[in-house]
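In what follows, a structure is listed as structure tokens, so that the remarks can point back to it.
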2 protein chains.
Amino acid sequence: MKYFNPGLTGLICIFMSWLFLLNHEKLIFKEDFFFPFYNPGKRVLIVYAHQMPTSMNGSLKDAAVTELSNQGCQVTVSDLYSMNFEPRATRQDFLGASSNSEFFNYAEEAHEAYKKGCLSKDVVEEQKKIQEADLVIFQFPMYWLSVPAILKGWLDRVLCKGFAFDIPGYFDKGFLKDKSALLSFTTGGTAEKYFQKELRGDIKYILWPLQHGVLHFCGFQILRPQINFAPEHASESKRKEMVASWARRLETIWDEKPINCTSSWYFEK
Amino acid sequence: MKYFNPGLTGLICIFMSWLFLLNHEKLIFKEDFFFPFYNPGKRVLIVYAHQMPTSMNGSLKDAAVTELSNQGCQVTVSDLYSMNFEPRATRQDFLGASSNSEFFNYAEEAHEAYKKGCLSKDVVEEQKKIQEADLVIFQFPMYWLSVPAILKGWLDRVLCKGFAFDIPGYFDKGFLKDKSALLSFTTGGTAEKYFQKELRGDIKYILWPLQHGVLHFCGFQILRPQINFAPEHASESKRKEMVASWARRLETIWDEKPINCTSSWYFEK
């Protein structure tokens, strides 16, 4: 039995190993390893807008699900094309009569419907997913310098007044201010094309309405975007590296500080 | 009979009256009045995205149809909600098998389908309308600092590579370079809110991706936008004046010069 008694030297060795494991870059468990019931894990919603699971966007989404699940996070995916998510903002989003039949204003009707609890089921389900999330990742291929229409419809219909913001409850007082948001997207053009300022402007210019005008307006803290330029034109190994790089970033995503989401981030060098 | 002979004074009077009519601000007919078969009229496509005909956007659309038709223009309206236009970019847009089943890239598939003439019927019909138009007016309420999802879907699906642009056939070499485009939209917020630069940025910032990145990229000459701020918060008479002002602008729309659609228009004072 004496053989199993570590003694003082042994205890020091165990302590040193513990310190090493705790600080090792590649260690997945960190505090969860020692306090498995202390940190129940963060909750992540991935709003995913690509038609094909075998696409680059599909791979990036899968990598995020794997990495975040391994961390013990609770991950939910809204796969918009698979859900055949409705992008059109219509009267059918409100159960019951509209509050102003003469001048139909979708935003105002949505606000009223939210307060009365008569928004359509698909919208309410997405709102619940956001409500439960600490981080919302948007994974999409850029279409015409913005999100694809199916994702624009998600923004139009889900982030309604009353749920995501109010007047004056926006920006720092936005209702989603305890959450982070991150745009992870692919482009058709190469990085060089997006940084020819005079011709196309810095890619940050086109992030201004999405990151600042929509997400930050609703209160979200904005994490820097994950941009993969022109994966279609990249080699197989380069594409794999793009996915691996994204997974590596997610290892320490909870330590990241949000960007300073003011006009200077977007328009000053 | 001598009584009806105008004489030299009479001829001068008739000539002066003709000059007066020709230059009178309110005269609708202008050269059409004197040369009714010389100018067959321009062709206009209005891409209209509002759910209700009795809305402000509906009134602005109606005013444009009336004014432009009175000028002898041939006006076509794509009423997206009435058409239940499909915003989602899916494989169903291509009749026949996709060219690359492993990595589905909508933009590349659309390009292939365009070349093979197997794009879906609704997309081809919209492309024909653009092809026939001298001016395309987009009439919509701004949703989240951009077009509503149904109109984003129109841009995503209709302005495909091969039809609207190619590489390097873009900007000045864009395929729609002989046409003009004009964004006519309403906002929820007042003008003051959109000009608090630090908070929301100049409204021109958010026009950059739409006007420059999409429309000008396809070659369109951009006419200055028609922005009606916060009609919901305006009086009835103010709303009527907004519609009248739009109609007055359209009286001389064919004389307008396009904006200098470079980054300086958007980002410099």
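The chains in the structure tokens are called A, B, ... from first to last as shown; in each chain the residues are counted from 1, and the ligands are counted from 1 in the order shown.
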Exercise for the section: Check range 58-121 of chain A with DSSP on the backbone and list each residue it calls strand (DSSP E), as a PyMOL selection string. Expected result: chain A and resi 74-79
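Those residues that approach range 227-234 of chain B to within 10 Å, counting only C-alpha atoms, are Phe103, Asn105 and Glu108 of chain A; Ser55, Met56, Asn57, Leu60, Pro141, Met142, Leu183, Ser184, Phe185, Thr186, Thr187, Gly188, Gly189, Thr190, Ala191, Glu192, Lys193, Tyr194, Ile203, Lys240, Met242, Val243 and Trp246 of chain B; same-chain residues fewer than 6 positions away are not listed.
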Write the selection just made, keeping N, CA and C atoms, as an mmCIF file, in the first residue's frame?
```cif
data_model
loop_
_atom_site.group_PDB
_atom_site.id
_atom_site.type_symbol
_atom_site.label_atom_id
_atom_site.label_comp_id
_atom_site.auth_asym_id
_atom_site.auth_seq_id
_atom_site.Cartn_x
_atom_site.Cartn_y
_atom_site.Cartn_z
ATOM 1 N N PHE A 103 -53.391 51.545 -43.469
ATOM 2 C CA PHE A 103 -51.967 51.712 -43.768
ATOM 3 C C PHE A 103 -51.195 50.563 -43.156
ATOM 4 N N ASN A 105 -48.362 48.700 -42.027
ATOM 5 C CA ASN A 105 -46.930 48.917 -41.814
ATOM 6 C C ASN A 105 -46.420 47.678 -41.083
ATOM 7 N N GLU A 108 -44.771 48.042 -37.550
ATOM 8 C CA GLU A 108 -45.688 48.400 -36.464
ATOM 9 C C GLU A 108 -46.626 47.241 -36.128
ATOM 10 N N SER B 55 -50.873 51.756 -49.090
ATOM 11 C CA SER B 55 -49.732 52.266 -48.330
ATOM 12 C C SER B 55 -49.112 53.482 -49.008
ATOM 13 N N MET B 56 -48.195 54.125 -48.298
ATOM 14 C CA MET B 56 -47.432 55.226 -48.866
ATOM 15 C C MET B 56 -46.647 54.746 -50.087
ATOM 16 N N ASN B 57 -46.040 53.575 -49.962
ATOM 17 C CA ASN B 57 -45.303 53.033 -51.103
ATOM 18 C C ASN B 57 -46.224 52.750 -52.284
ATOM 19 N N LEU B 60 -46.912 56.086 -53.920
ATOM 20 C CA LEU B 60 -45.742 56.552 -54.680
ATOM 21 C C LEU B 60 -45.625 55.773 -55.988
ATOM 22 N N PRO B 141 -40.288 50.013 -48.864
ATOM 23 C CA PRO B 141 -40.001 50.534 -47.532
ATOM 24 C C PRO B 141 -38.677 49.935 -47.078
ATOM 25 N N MET B 142 -37.799 50.742 -46.506
ATOM 26 C CA MET B 142 -36.519 50.207 -46.048
ATOM 27 C C MET B 142 -36.749 49.283 -44.853
ATOM 28 N N LEU B 183 -33.470 54.272 -56.668
ATOM 29 C CA LEU B 183 -34.081 53.742 -55.447
ATOM 30 C C LEU B 183 -35.043 54.778 -54.887
ATOM 31 N N SER B 184 -36.311 54.404 -54.780
ATOM 32 C CA SER B 184 -37.319 55.279 -54.176
ATOM 33 C C SER B 184 -37.872 54.548 -52.959
ATOM 34 N N PHE B 185 -37.569 55.078 -51.785
ATOM 35 C CA PHE B 185 -37.964 54.314 -50.594
ATOM 36 C C PHE B 185 -38.416 55.188 -49.434
ATOM 37 N N THR B 186 -39.101 54.531 -48.521
ATOM 38 C CA THR B 186 -39.558 55.197 -47.308
ATOM 39 C C THR B 186 -38.759 54.627 -46.132
ATOM 40 N N THR B 187 -38.640 55.422 -45.071
ATOM 41 C CA THR B 187 -37.949 54.935 -43.876
ATOM 42 C C THR B 187 -38.913 54.967 -42.695
ATOM 43 N N GLY B 188 -38.561 54.230 -41.646
ATOM 44 C CA GLY B 188 -39.345 54.285 -40.421
ATOM 45 C C GLY B 188 -38.927 55.490 -39.595
ATOM 46 N N GLY B 189 -37.608 55.729 -39.542
ATOM 47 C CA GLY B 189 -37.070 56.822 -38.731
ATOM 48 C C GLY B 189 -37.088 58.147 -39.473
ATOM 49 N N THR B 190 -37.004 59.215 -38.708
ATOM 50 C CA THR B 190 -36.989 60.556 -39.293
ATOM 51 C C THR B 190 -35.612 60.867 -39.896
ATOM 52 N N ALA B 191 -35.576 61.894 -40.721
ATOM 53 C CA ALA B 191 -34.332 62.274 -41.396
ATOM 54 C C ALA B 191 -33.218 62.563 -40.391
ATOM 55 N N GLU B 192 -33.566 63.214 -39.300
ATOM 56 C CA GLU B 192 -32.552 63.586 -38.302
ATOM 57 C C GLU B 192 -31.808 62.338 -37.821
ATOM 58 N N LYS B 193 -32.552 61.257 -37.582
ATOM 59 C CA LYS B 193 -31.935 60.030 -37.080
ATOM 60 C C LYS B 193 -30.908 59.483 -38.065
ATOM 61 N N TYR B 194 -31.204 59.633 -39.347
ATOM 62 C CA TYR B 194 -30.304 59.070 -40.346
ATOM 63 C C TYR B 194 -29.095 59.948 -40.624
ATOM 64 N N ILE B 203 -27.013 58.381 -44.316
ATOM 65 C CA ILE B 203 -27.822 57.362 -45.002
ATOM 66 C C ILE B 203 -27.134 56.894 -46.287
ATOM 67 N N LYS B 240 -49.212 63.783 -48.680
ATOM 68 C CA LYS B 240 -49.653 64.117 -50.046
ATOM 69 C C LYS B 240 -48.569 64.895 -50.785
ATOM 70 N N MET B 242 -45.394 64.624 -50.274
ATOM 71 C CA MET B 242 -44.322 63.680 -50.639
ATOM 72 C C MET B 242 -44.634 63.014 -51.985
ATOM 73 N N VAL B 243 -45.886 62.613 -52.153
ATOM 74 C CA VAL B 243 -46.290 61.951 -53.398
ATOM 75 C C VAL B 243 -46.236 62.944 -54.564
ATOM 76 N N TRP B 246 -42.687 63.689 -55.692
ATOM 77 C CA TRP B 246 -42.152 62.568 -56.490
ATOM 78 C C TRP B 246 -42.678 62.671 -57.930
#
```
Practice task
If you run DSSP over the backbone, which residues in range 28-155 of chain A end up helix (DSSP H, G or I)? Put them as a PyMOL selection string.
Solution key: chain A and resi 31-34+56-70+91-93+106-116+121-132+149-155
Quick one: write out the picked residues with C-alpha atoms as a CSV table (one decimal), in the first residue's frame?
```
chain,number,residue,atom,x,y,z
A,31,GLU,CA,-12.1,24.6,-16.0
A,32,ASP,CA,-14.8,22.1,-17.1
A,33,PHE,CA,-12.2,19.3,-16.5
A,34,PHE,CA,-11.9,20.1,-12.9
A,56,MET,CA,-17.8,25.3,-47.7
A,57,ASN,CA,-20.4,27.0,-45.6
A,58,GLY,CA,-21.7,23.5,-44.6
A,59,SER,CA,-18.2,22.5,-43.5
A,60,LEU,CA,-17.7,25.7,-41.6
A,61,LYS,CA,-21.0,25.2,-39.8
A,62,ASP,CA,-20.1,21.6,-39.0
A,63,ALA,CA,-16.7,22.6,-37.7
A,64,ALA,CA,-18.4,25.1,-35.4
A,65,VAL,CA,-21.0,22.5,-34.1
A,66,THR,CA,-18.2,20.0,-33.4
A,67,GLU,CA,-15.8,22.4,-31.7
A,68,LEU,CA,-18.5,24.2,-29.6
A,69,SER,CA,-20.1,20.9,-28.6
A,70,ASN,CA,-16.7,19.5,-27.6
A,91,ARG,CA,-49.8,39.7,-42.9
A,92,GLN,CA,-49.7,36.0,-42.4
A,93,ASP,CA,-47.1,36.6,-39.7
A,106,TYR,CA,-45.2,45.6,-41.2
A,107,ALA,CA,-42.9,46.9,-38.5
A,108,GLU,CA,-45.7,48.4,-36.5
A,109,GLU,CA,-48.0,45.4,-36.9
A,110,ALA,CA,-45.2,43.1,-35.9
A,111,HIS,CA,-44.6,45.2,-32.7
A,112,GLU,CA,-48.3,44.9,-31.9
A,113,ALA,CA,-48.4,41.2,-32.6
A,114,TYR,CA,-45.4,40.7,-30.4
A,115,LYS,CA,-47.0,42.5,-27.5
A,116,LYS,CA,-50.2,40.5,-27.9
A,121,LYS,CA,-45.1,30.1,-34.8
A,122,ASP,CA,-41.9,30.0,-36.9
A,123,VAL,CA,-41.0,33.6,-35.8
A,124,VAL,CA,-41.6,32.8,-32.2
A,125,GLU,CA,-39.5,29.7,-32.3
A,126,GLU,CA,-36.5,31.7,-33.7
A,127,GLN,CA,-37.0,34.3,-31.1
A,128,LYS,CA,-36.8,31.7,-28.4
A,129,LYS,CA,-33.6,30.3,-29.8
A,130,ILE,CA,-32.1,33.8,-29.7
A,131,GLN,CA,-33.4,34.4,-26.2
A,132,GLU,CA,-31.6,31.2,-25.0
A,149,ALA,CA,-32.6,36.8,-49.1
A,150,ILE,CA,-33.6,33.9,-46.9
A,151,LEU,CA,-31.4,35.2,-44.1
A,152,LYS,CA,-32.5,38.8,-44.8
A,153,GLY,CA,-36.0,37.5,-44.3
A,154,TRP,CA,-35.0,36.0,-41.0
A,155,LEU,CA,-33.6,39.4,-39.9
```
Practice task
Hey, list the chain A side of the contact with chain B: 7 Å cut-off, only C-alpha atoms, answer as a ChimeraX atom specification.
Solution key: /A:51-52,54-55,87-88,90,102-104,143-145,149-150,152-153,156,198,200-201,206,209,213-214,262-263
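Rounded to one decimal, CA of Ala244 in chain B and CA of Tyr48 in chain B lie 18.3 Å from each other.
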